[in-house]
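Visitor: Pasting in a structure now, in structure tokens, and then I'll have a few things to ask.
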Amino acid sequence: FFKSTLEKYPQSFFWYYRAGDYFAKQENLVKAVPFLEAAWKLSVQQKRPDLGIFVAYLDALYGQNQYDTVFSTASEWIDTALAPVAYAYMAQAQLKQNKPAEATQSFNKALEKAGASDRMQSLVMGKMLETVGQDALVTWQKAQLAKDEKSLPPRLLAYRLAVKNERYNEAIDQAGQCLEIVGPDHLGWMSLAMKQGNAMILAYTKTADPDYLNRSIALFETILAKQPNNPTLLNNLAYLLADNDKQLETALGYARKAHQSSPGNTIFLDTYAYIQCKLGQYEQAERNLLRAIQLLEISREPIPWDMYKHLGMAREGLGNNAQAVEDYQKALETAGDAAEKQKQQLQQTIDKLKSLL
């Protein structure tokens with residue numbers, strides 16, 4: 001398939017990348033590297049150097065122990081927008097070349113270049129956790145705050161580390177300090193506010209303290225007031241309300257608005273149907289969920305386990321217990337990333353319905 005496609009589109013760095021990514025996922029780096037190298041060089045030639053391809057190519061080289069090539073390739077990009085990632089890979093290569101002092105300098109430079117960019121800081125943090133560990137991140141973060149307590153990048157990094165370590169009160173506080181630094185009129189205010197709200201939800205999930213939930217809902221409503229037509233925000237707030245059985249009619253309105261803004265978005269459609277289930281609108285919910293599943297099947301995308309769960313809810317509500325059991329069973333079989341408590345609840349529901357058949 002890739003051979004015929006590349007013969008048809010020889011200048012498509014996208015298809016070279018797809019081929020390389022396929023072989024990389026098969027752990028066949030010998031085949032992956034040439035495709036990824038071609039993808040990277042084509043994207044550069046076409047003046048569209050792609051971050052995802054850059055990362056995939058360097059990862060494949062690193063996986064083949066080609067540390068000199070990793071270093072030389074990355075070092076060409078230290079004066080560009082790719083500098084944070086370039087310095088991070090240079091540091092990894094330097095560690096393998098037994099140059100720890102140089103690696104520390106490169107990692108620090110990577111964090112400095114990343115600034116307050118979500119994507120870049122996250123990538124650099126990931127590379128440092130893989131190689132030098134969390135202490136190196138904390139050392140940099142504390143050094144930066146010692147220079148300037150109002151510096152946004154180290155505060156943002158402190159937030160990320162707090163979330164990683166499940167210190168959610170600290171994460172909420174660090175996100176709040178980020179918000180104070182930028183102010184309500186800053187372009188990044190909403191993203192930071194979302195981070196604080198997400199930390200509150202994580203804290204609620206961990207502790208079941210309703211204060212965290214209520215604070216997160218209030219914060220998301222504040223954000224929504226600033227961007228009332230943001231479909232992702234509408235959808236997320238709708239799901240948060242519904243999942244906690246709060247303001248269901250309001251949640252339905254939010255979900256409907258999000259769905260209407262993008263009718264083909266299966267995540268929005270799933271949320272809309274879930275709230276319809278909560279309100280006893282089972283026929284509409286079943287119809288919407290079957291449509292969402294059909295769209296995912298057509299595009300050959302995986303079907304989320306909780307979409308099957310919601311379909312089971314709709315069919316259970318309609319009294320179709322045999323079909324509901326099948327749906328719940330599919331949810332359980334595909335719920336690999338779900339919490340153990342959720343899996344136990346699914347099994348209990350299955351057992352209950354089976355006893356009624």
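Letters for chains follow the order of the structure tokens (A, B, ...), residue numbers begin at 1 for each chain, and ligand numbers begin at 1 in the order shown.
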Might you pull out every residue within 9 Å of A:Tyr272, with only C-alpha atoms counted and same-chain residues fewer than 6 positions away left off, and present them as a ChimeraX atom specification?

Guide: /A:235,238-239,251-256,258-259,285,288

Visitor: Next, write the just-selected residues to a file, as a PDB file, in the first residue's frame, keeping N, CA, C and O atoms as the atom set.

Guide:
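Okay, this is what ended up in part39.pdb:
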ATOM      1  N   ASN A 235     -19.258  21.479  25.285  1.00  0.00           N
ATOM      2  CA  ASN A 235     -19.346  20.030  25.423  1.00  0.00           C
ATOM      3  C   ASN A 235     -18.792  19.558  26.763  1.00  0.00           C
ATOM      4  O   ASN A 235     -19.413  18.745  27.461  1.00  0.00           O
ATOM      5  N   ALA A 238     -21.020  20.557  29.640  1.00  0.00           N
ATOM      6  CA  ALA A 238     -22.243  19.748  29.587  1.00  0.00           C
ATOM      7  C   ALA A 238     -21.996  18.369  30.184  1.00  0.00           C
ATOM      8  O   ALA A 238     -22.790  17.866  30.996  1.00  0.00           O
ATOM      9  N   TYR A 239     -20.880  17.764  29.807  1.00  0.00           N
ATOM     10  CA  TYR A 239     -20.581  16.416  30.309  1.00  0.00           C
ATOM     11  C   TYR A 239     -20.305  16.445  31.818  1.00  0.00           C
ATOM     12  O   TYR A 239     -20.752  15.553  32.556  1.00  0.00           O
ATOM     13  N   ALA A 251     -27.379  21.494  30.919  1.00  0.00           N
ATOM     14  CA  ALA A 251     -26.357  20.670  30.271  1.00  0.00           C
ATOM     15  C   ALA A 251     -26.815  20.239  28.880  1.00  0.00           C
ATOM     16  O   ALA A 251     -26.025  20.243  27.925  1.00  0.00           O
ATOM     17  N   LEU A 252     -28.108  19.878  28.771  1.00  0.00           N
ATOM     18  CA  LEU A 252     -28.636  19.462  27.462  1.00  0.00           C
ATOM     19  C   LEU A 252     -28.539  20.609  26.460  1.00  0.00           C
ATOM     20  O   LEU A 252     -28.186  20.397  25.296  1.00  0.00           O
ATOM     21  N   GLY A 253     -28.825  21.809  26.909  1.00  0.00           N
ATOM     22  CA  GLY A 253     -28.729  22.966  26.027  1.00  0.00           C
ATOM     23  C   GLY A 253     -27.305  23.204  25.555  1.00  0.00           C
ATOM     24  O   GLY A 253     -27.058  23.484  24.371  1.00  0.00           O
ATOM     25  N   TYR A 254     -26.359  23.084  26.476  1.00  0.00           N
ATOM     26  CA  TYR A 254     -24.949  23.234  26.105  1.00  0.00           C
ATOM     27  C   TYR A 254     -24.548  22.167  25.081  1.00  0.00           C
ATOM     28  O   TYR A 254     -23.887  22.457  24.076  1.00  0.00           O
ATOM     29  N   ALA A 255     -24.940  20.915  25.363  1.00  0.00           N
ATOM     30  CA  ALA A 255     -24.555  19.811  24.484  1.00  0.00           C
ATOM     31  C   ALA A 255     -25.195  19.958  23.108  1.00  0.00           C
ATOM     32  O   ALA A 255     -24.561  19.678  22.079  1.00  0.00           O
ATOM     33  N   ARG A 256     -26.451  20.388  23.077  1.00  0.00           N
ATOM     34  CA  ARG A 256     -27.129  20.579  21.788  1.00  0.00           C
ATOM     35  C   ARG A 256     -26.417  21.651  20.961  1.00  0.00           C
ATOM     36  O   ARG A 256     -26.208  21.482  19.751  1.00  0.00           O
ATOM     37  N   ALA A 258     -23.273  22.572  21.152  1.00  0.00           N
ATOM     38  CA  ALA A 258     -21.986  22.043  20.680  1.00  0.00           C
ATOM     39  C   ALA A 258     -22.189  21.115  19.499  1.00  0.00           C
ATOM     40  O   ALA A 258     -21.475  21.202  18.488  1.00  0.00           O
ATOM     41  N   HIS A 259     -23.171  20.232  19.604  1.00  0.00           N
ATOM     42  CA  HIS A 259     -23.462  19.276  18.523  1.00  0.00           C
ATOM     43  C   HIS A 259     -23.889  20.002  17.246  1.00  0.00           C
ATOM     44  O   HIS A 259     -23.422  19.673  16.145  1.00  0.00           O
ATOM     45  N   ALA A 285     -31.640   9.233  22.261  1.00  0.00           N
ATOM     46  CA  ALA A 285     -30.272   8.892  22.655  1.00  0.00           C
ATOM     47  C   ALA A 285     -29.771   7.693  21.859  1.00  0.00           C
ATOM     48  O   ALA A 285     -28.634   7.700  21.353  1.00  0.00           O
ATOM     49  N   ASN A 288     -28.969   8.734  18.284  1.00  0.00           N
ATOM     50  CA  ASN A 288     -27.748   9.538  18.185  1.00  0.00           C
ATOM     51  C   ASN A 288     -26.492   8.704  18.421  1.00  0.00           C
ATOM     52  O   ASN A 288     -25.467   8.910  17.759  1.00  0.00           O
TER      53      ASN A 288
END

Visitor: For the contact check between stretch 177-277 of chain A and stretch 167-171 of chain A, emit one row per residue of stretch 177-277 of chain A within 12 Å, containing the shortest atom pair and the distance in Å rounded to one decimal, counting only C-alpha atoms, chain then rising number order, as JSON lines.

Guide:
{"residue": "A:Gln177", "atom": "CA", "partner": "A:Ala171", "partner_atom": "CA", "distance": 9.8}
{"residue": "A:Cys178", "atom": "CA", "partner": "A:Ala171", "partner_atom": "CA", "distance": 10.5}
{"residue": "A:Leu192", "atom": "CA", "partner": "A:Ala171", "partner_atom": "CA", "distance": 11.2}
{"residue": "A:Ala193", "atom": "CA", "partner": "A:Ala171", "partner_atom": "CA", "distance": 11.7}
{"residue": "A:Lys195", "atom": "CA", "partner": "A:Ala171", "partner_atom": "CA", "distance": 8.7}
{"residue": "A:Gln196", "atom": "CA", "partner": "A:Ala171", "partner_atom": "CA", "distance": 7.2}
{"residue": "A:Gly197", "atom": "CA", "partner": "A:Ala171", "partner_atom": "CA", "distance": 10.1}
{"residue": "A:Asn198", "atom": "CA", "partner": "A:Tyr168", "partner_atom": "CA", "distance": 9.6}
{"residue": "A:Ala199", "atom": "CA", "partner": "A:Tyr168", "partner_atom": "CA", "distance": 5.8}
{"residue": "A:Met200", "atom": "CA", "partner": "A:Tyr168", "partner_atom": "CA", "distance": 7.1}
{"residue": "A:Ile201", "atom": "CA", "partner": "A:Tyr168", "partner_atom": "CA", "distance": 9.2}
{"residue": "A:Leu202", "atom": "CA", "partner": "A:Tyr168", "partner_atom": "CA", "distance": 7.0}
{"residue": "A:Ala203", "atom": "CA", "partner": "A:Tyr168", "partner_atom": "CA", "distance": 5.5}
{"residue": "A:Tyr204", "atom": "CA", "partner": "A:Tyr168", "partner_atom": "CA", "distance": 9.3}
{"residue": "A:Thr205", "atom": "CA", "partner": "A:Tyr168", "partner_atom": "CA", "distance": 10.5}
{"residue": "A:Lys206", "atom": "CA", "partner": "A:Tyr168", "partner_atom": "CA", "distance": 9.1}
{"residue": "A:Thr207", "atom": "CA", "partner": "A:Tyr168", "partner_atom": "CA", "distance": 10.2}
{"residue": "A:Tyr212", "atom": "CA", "partner": "A:Asn169", "partner_atom": "CA", "distance": 9.8}

Visitor: I need the residues from that last selection saved to file as a PDB file, in the first residue's frame (with N, CA and C atoms), if you can.

Guide:
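Written out: again_21.pdb:
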ATOM      1  N   GLN A 177      -1.816  31.137  40.246  1.00  0.00           N
ATOM      2  CA  GLN A 177      -0.742  32.124  40.162  1.00  0.00           C
ATOM      3  C   GLN A 177      -0.420  32.461  38.706  1.00  0.00           C
ATOM      4  N   CYS A 178      -0.517  31.475  37.837  1.00  0.00           N
ATOM      5  CA  CYS A 178      -0.346  31.747  36.396  1.00  0.00           C
ATOM      6  C   CYS A 178      -1.395  32.735  35.908  1.00  0.00           C
ATOM      7  N   LEU A 192      -5.194  28.673  30.649  1.00  0.00           N
ATOM      8  CA  LEU A 192      -4.745  28.526  32.032  1.00  0.00           C
ATOM      9  C   LEU A 192      -5.918  28.279  32.981  1.00  0.00           C
ATOM     10  N   ALA A 193      -7.021  28.966  32.714  1.00  0.00           N
ATOM     11  CA  ALA A 193      -8.210  28.756  33.545  1.00  0.00           C
ATOM     12  C   ALA A 193      -8.730  27.325  33.383  1.00  0.00           C
ATOM     13  N   LYS A 195      -6.881  24.772  32.768  1.00  0.00           N
ATOM     14  CA  LYS A 195      -5.972  23.930  33.538  1.00  0.00           C
ATOM     15  C   LYS A 195      -6.364  23.912  35.012  1.00  0.00           C
ATOM     16  N   GLN A 196      -6.690  25.078  35.548  1.00  0.00           N
ATOM     17  CA  GLN A 196      -7.094  25.136  36.952  1.00  0.00           C
ATOM     18  C   GLN A 196      -8.387  24.346  37.170  1.00  0.00           C
ATOM     19  N   GLY A 197      -9.332  24.503  36.265  1.00  0.00           N
ATOM     20  CA  GLY A 197     -10.583  23.763  36.376  1.00  0.00           C
ATOM     21  C   GLY A 197     -10.371  22.263  36.279  1.00  0.00           C
ATOM     22  N   ASN A 198      -9.486  21.834  35.380  1.00  0.00           N
ATOM     23  CA  ASN A 198      -9.207  20.407  35.248  1.00  0.00           C
ATOM     24  C   ASN A 198      -8.550  19.852  36.508  1.00  0.00           C
ATOM     25  N   ALA A 199      -7.683  20.655  37.140  1.00  0.00           N
ATOM     26  CA  ALA A 199      -7.065  20.211  38.395  1.00  0.00           C
ATOM     27  C   ALA A 199      -8.120  20.054  39.487  1.00  0.00           C
ATOM     28  N   MET A 200      -9.118  20.934  39.482  1.00  0.00           N
ATOM     29  CA  MET A 200     -10.208  20.811  40.458  1.00  0.00           C
ATOM     30  C   MET A 200     -10.998  19.526  40.233  1.00  0.00           C
ATOM     31  N   ILE A 201     -11.221  19.185  38.961  1.00  0.00           N
ATOM     32  CA  ILE A 201     -11.949  17.947  38.661  1.00  0.00           C
ATOM     33  C   ILE A 201     -11.139  16.729  39.115  1.00  0.00           C
ATOM     34  N   LEU A 202      -9.846  16.753  38.865  1.00  0.00           N
ATOM     35  CA  LEU A 202      -8.989  15.653  39.314  1.00  0.00           C
ATOM     36  C   LEU A 202      -9.016  15.526  40.836  1.00  0.00           C
ATOM     37  N   ALA A 203      -9.018  16.672  41.509  1.00  0.00           N
ATOM     38  CA  ALA A 203      -9.084  16.650  42.973  1.00  0.00           C
ATOM     39  C   ALA A 203     -10.417  16.076  43.440  1.00  0.00           C
ATOM     40  N   TYR A 204     -11.492  16.433  42.745  1.00  0.00           N
ATOM     41  CA  TYR A 204     -12.813  15.907  43.091  1.00  0.00           C
ATOM     42  C   TYR A 204     -12.868  14.397  42.869  1.00  0.00           C
ATOM     43  N   THR A 205     -12.301  13.940  41.746  1.00  0.00           N
ATOM     44  CA  THR A 205     -12.281  12.510  41.444  1.00  0.00           C
ATOM     45  C   THR A 205     -11.522  11.729  42.510  1.00  0.00           C
ATOM     46  N   LYS A 206     -10.455  12.328  43.013  1.00  0.00           N
ATOM     47  CA  LYS A 206      -9.624  11.650  44.010  1.00  0.00           C
ATOM     48  C   LYS A 206     -10.251  11.667  45.398  1.00  0.00           C
ATOM     49  N   THR A 207     -10.905  12.781  45.758  1.00  0.00           N
ATOM     50  CA  THR A 207     -11.366  12.954  47.144  1.00  0.00           C
ATOM     51  C   THR A 207     -12.873  12.864  47.327  1.00  0.00           C
ATOM     52  N   TYR A 212     -14.662  20.856  45.371  1.00  0.00           N
ATOM     53  CA  TYR A 212     -13.850  20.900  44.154  1.00  0.00           C
ATOM     54  C   TYR A 212     -14.749  20.915  42.912  1.00  0.00           C
TER      55      TYR A 212
END

Visitor: Select, from A:Val138, A:Ala273, A:Leu51, A:Ala32, the residue with the minimum atom-to-atom distance to A:Ala86, counting only C-alpha atoms.

Guide: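 Residue with the minimum atom-to-atom distance to A:Ala86: A:Leu51.
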
Visitor: As a PyMOL selection string, please: the residues near stretch 92-97 of chain A (cut-off 8 Å, only C-alpha atoms, same-chain neighbours under 5 positions excluded).

Guide: chain A and resi 62+67-68+70-71+102-103+127+131

Visitor: Keeping only all heavy atoms, write those residues as a PDB file, in the first residue's frame.

Guide:
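Output file again_6.pdb follows:
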ATOM      1  N   TYR A  62      17.278   7.740  17.582  1.00  0.00           N
ATOM      2  CA  TYR A  62      17.682   7.478  18.967  1.00  0.00           C
ATOM      3  C   TYR A  62      17.477   5.999  19.299  1.00  0.00           C
ATOM      4  O   TYR A  62      18.314   5.368  19.948  1.00  0.00           O
ATOM      5  CB  TYR A  62      16.873   8.360  19.906  1.00  0.00           C
ATOM      6  CG  TYR A  62      17.309   8.314  21.349  1.00  0.00           C
ATOM      7  CD1 TYR A  62      18.383   9.080  21.796  1.00  0.00           C
ATOM      8  CD2 TYR A  62      16.642   7.514  22.275  1.00  0.00           C
ATOM      9  CE1 TYR A  62      18.788   9.045  23.128  1.00  0.00           C
ATOM     10  CE2 TYR A  62      17.039   7.465  23.601  1.00  0.00           C
ATOM     11  CZ  TYR A  62      18.109   8.232  24.031  1.00  0.00           C
ATOM     12  OH  TYR A  62      18.508   8.183  25.344  1.00  0.00           O
ATOM     13  N   TYR A  67      23.337   8.184  17.923  1.00  0.00           N
ATOM     14  CA  TYR A  67      23.350   9.387  18.739  1.00  0.00           C
ATOM     15  C   TYR A  67      24.060  10.554  18.054  1.00  0.00           C
ATOM     16  O   TYR A  67      23.646  11.711  18.221  1.00  0.00           O
ATOM     17  CB  TYR A  67      23.994   9.081  20.092  1.00  0.00           C
ATOM     18  CG  TYR A  67      23.350   7.902  20.789  1.00  0.00           C
ATOM     19  CD1 TYR A  67      24.120   6.816  21.207  1.00  0.00           C
ATOM     20  CD2 TYR A  67      21.972   7.857  20.991  1.00  0.00           C
ATOM     21  CE1 TYR A  67      23.522   5.722  21.833  1.00  0.00           C
ATOM     22  CE2 TYR A  67      21.376   6.773  21.609  1.00  0.00           C
ATOM     23  CZ  TYR A  67      22.154   5.705  22.020  1.00  0.00           C
ATOM     24  OH  TYR A  67      21.561   4.628  22.624  1.00  0.00           O
ATOM     25  N   ASP A  68      25.097  10.266  17.295  1.00  0.00           N
ATOM     26  CA  ASP A  68      25.782  11.346  16.574  1.00  0.00           C
ATOM     27  C   ASP A  68      24.845  11.989  15.559  1.00  0.00           C
ATOM     28  O   ASP A  68      24.829  13.215  15.395  1.00  0.00           O
ATOM     29  CB  ASP A  68      27.030  10.813  15.856  1.00  0.00           C
ATOM     30  CG  ASP A  68      28.142  10.441  16.829  1.00  0.00           C
ATOM     31  OD1 ASP A  68      28.099  10.924  17.978  1.00  0.00           O
ATOM     32  OD2 ASP A  68      29.044   9.676  16.432  1.00  0.00           O
ATOM     33  N   VAL A  70      21.538  11.962  15.700  1.00  0.00           N
ATOM     34  CA  VAL A  70      20.525  12.696  16.471  1.00  0.00           C
ATOM     35  C   VAL A  70      21.047  14.090  16.805  1.00  0.00           C
ATOM     36  O   VAL A  70      20.364  15.103  16.581  1.00  0.00           O
ATOM     37  CB  VAL A  70      20.161  11.947  17.779  1.00  0.00           C
ATOM     38  CG1 VAL A  70      19.306  12.838  18.674  1.00  0.00           C
ATOM     39  CG2 VAL A  70      19.408  10.665  17.463  1.00  0.00           C
ATOM     40  N   PHE A  71      22.263  14.144  17.316  1.00  0.00           N
ATOM     41  CA  PHE A  71      22.829  15.427  17.729  1.00  0.00           C
ATOM     42  C   PHE A  71      23.013  16.361  16.533  1.00  0.00           C
ATOM     43  O   PHE A  71      22.611  17.538  16.583  1.00  0.00           O
ATOM     44  CB  PHE A  71      24.181  15.216  18.429  1.00  0.00           C
ATOM     45  CG  PHE A  71      24.751  16.474  19.018  1.00  0.00           C
ATOM     46  CD1 PHE A  71      24.451  16.838  20.319  1.00  0.00           C
ATOM     47  CD2 PHE A  71      25.564  17.309  18.266  1.00  0.00           C
ATOM     48  CE1 PHE A  71      24.951  18.011  20.865  1.00  0.00           C
ATOM     49  CE2 PHE A  71      26.076  18.486  18.805  1.00  0.00           C
ATOM     50  CZ  PHE A  71      25.771  18.839  20.107  1.00  0.00           C
ATOM     51  N   GLU A 102      27.172  18.797  29.663  1.00  0.00           N
ATOM     52  CA  GLU A 102      26.626  19.395  28.435  1.00  0.00           C
ATOM     53  C   GLU A 102      25.144  19.080  28.290  1.00  0.00           C
ATOM     54  O   GLU A 102      24.354  19.922  27.838  1.00  0.00           O
ATOM     55  CB  GLU A 102      27.392  18.890  27.214  1.00  0.00           C
ATOM     56  CG  GLU A 102      28.818  19.396  27.111  1.00  0.00           C
ATOM     57  CD  GLU A 102      29.805  18.457  27.788  1.00  0.00           C
ATOM     58  OE1 GLU A 102      29.383  17.716  28.718  1.00  0.00           O
ATOM     59  OE2 GLU A 102      30.991  18.479  27.406  1.00  0.00           O
ATOM     60  N   ALA A 103      24.752  17.869  28.680  1.00  0.00           N
ATOM     61  CA  ALA A 103      23.344  17.474  28.593  1.00  0.00           C
ATOM     62  C   ALA A 103      22.479  18.346  29.493  1.00  0.00           C
ATOM     63  O   ALA A 103      21.385  18.771  29.103  1.00  0.00           O
ATOM     64  CB  ALA A 103      23.186  16.006  28.964  1.00  0.00           C
ATOM     65  N   LYS A 127      10.749  14.329  27.738  1.00  0.00           N
ATOM     66  CA  LYS A 127      12.096  13.846  27.438  1.00  0.00           C
ATOM     67  C   LYS A 127      12.974  13.843  28.691  1.00  0.00           C
ATOM     68  O   LYS A 127      13.779  12.926  28.907  1.00  0.00           O
ATOM     69  CB  LYS A 127      12.736  14.707  26.351  1.00  0.00           C
ATOM     70  CG  LYS A 127      12.102  14.523  24.980  1.00  0.00           C
ATOM     71  CD  LYS A 127      12.252  13.095  24.515  1.00  0.00           C
ATOM     72  CE  LYS A 127      11.446  12.787  23.288  1.00  0.00           C
ATOM     73  NZ  LYS A 127      11.435  11.346  22.951  1.00  0.00           N
ATOM     74  N   THR A 131      14.807  10.546  30.880  1.00  0.00           N
ATOM     75  CA  THR A 131      16.267  10.397  30.953  1.00  0.00           C
ATOM     76  C   THR A 131      16.877  10.861  32.277  1.00  0.00           C
ATOM     77  O   THR A 131      17.588  10.099  32.927  1.00  0.00           O
ATOM     78  CB  THR A 131      16.927  11.164  29.791  1.00  0.00           C
ATOM     79  OG1 THR A 131      16.392  12.498  29.732  1.00  0.00           O
ATOM     80  CG2 THR A 131      16.672  10.470  28.464  1.00  0.00           C
TER      81      THR A 131
END

Visitor: Which residues are near stretch 107-116 of chain A? Cut-off 6 Å, only C-alpha atoms, ignore same chain within fewer than 3 positions. Put them as a list in words.

Guide: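 In the requested form, the answer reads Pro84, Tyr87, Ala88, Ala91, Thr104, Met120, Gln121 and Pro153 of chain A.
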
Visitor: Which residue, A:Lys257, A:Ser262, A:Cys277, A:Gln174, has the smallest gap to A:Asp243 when you use only C-alpha atoms?

Guide: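 Of A:Lys257, A:Ser262, A:Cys277, A:Gln174, the one nearest A:Asp243, counting only C-alpha atoms, is A:Cys277.
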
Visitor: Using only C-alpha atoms, which of the listed residues (A:Glu297, A:Glu340, A:Asp50, A:Glu286) sits closest to A:Lys309?

Guide: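 Comparing A:Glu297, A:Glu340, A:Asp50, A:Glu286 against A:Lys309, the winner is A:Glu286.
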
Visitor: Between atom CA of A:His310 and atom CA of A:Ala324, what is the spacing in Å?

Guide: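 Those two atoms sit 9.5 Å apart.
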
Visitor: DSSP says helix (DSSP H, G or I) for which residues of stretch 2-210 of chain A? Put them as a ChimeraX atom specification?

Guide: /A:2-8,13-25,29-45,51-63,67-75,83-96,100-114,118-131,134-147,152-164,168-182,189-207,210

Visitor: Tell me which of A:Ser355, A:Ser191, A:Asn65, A:Gln227 sits closest to A:Ala175, counting only C-alpha atoms.

Guide: A:Ser191

Visitor: Measuring between only C-alpha atoms, which one of A:Ala74, A:Val163, A:Leu295, A:Ala158 shows the shortest distance to A:Pro263?

Guide: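 Closest to A:Pro263 of all the choices is A:Leu295.
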
Visitor: What does the distance from atom CA of A:Asp209 to atom CA of A:Ile275 come to in Å, to one decimal?

Guide: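 Between atom CA of A:Asp209 and atom CA of A:Ile275 the gap works out to 23.2 Å.
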
Visitor: Could you name the residues that touch A:Asn236 at 9 Å or less, counting only C-alpha atoms, but leaving out those on the same chain fewer than 2 positions away, as a PyMOL selection string?

Guide: chain A and resi 220+231-234+238-241+255+268+271
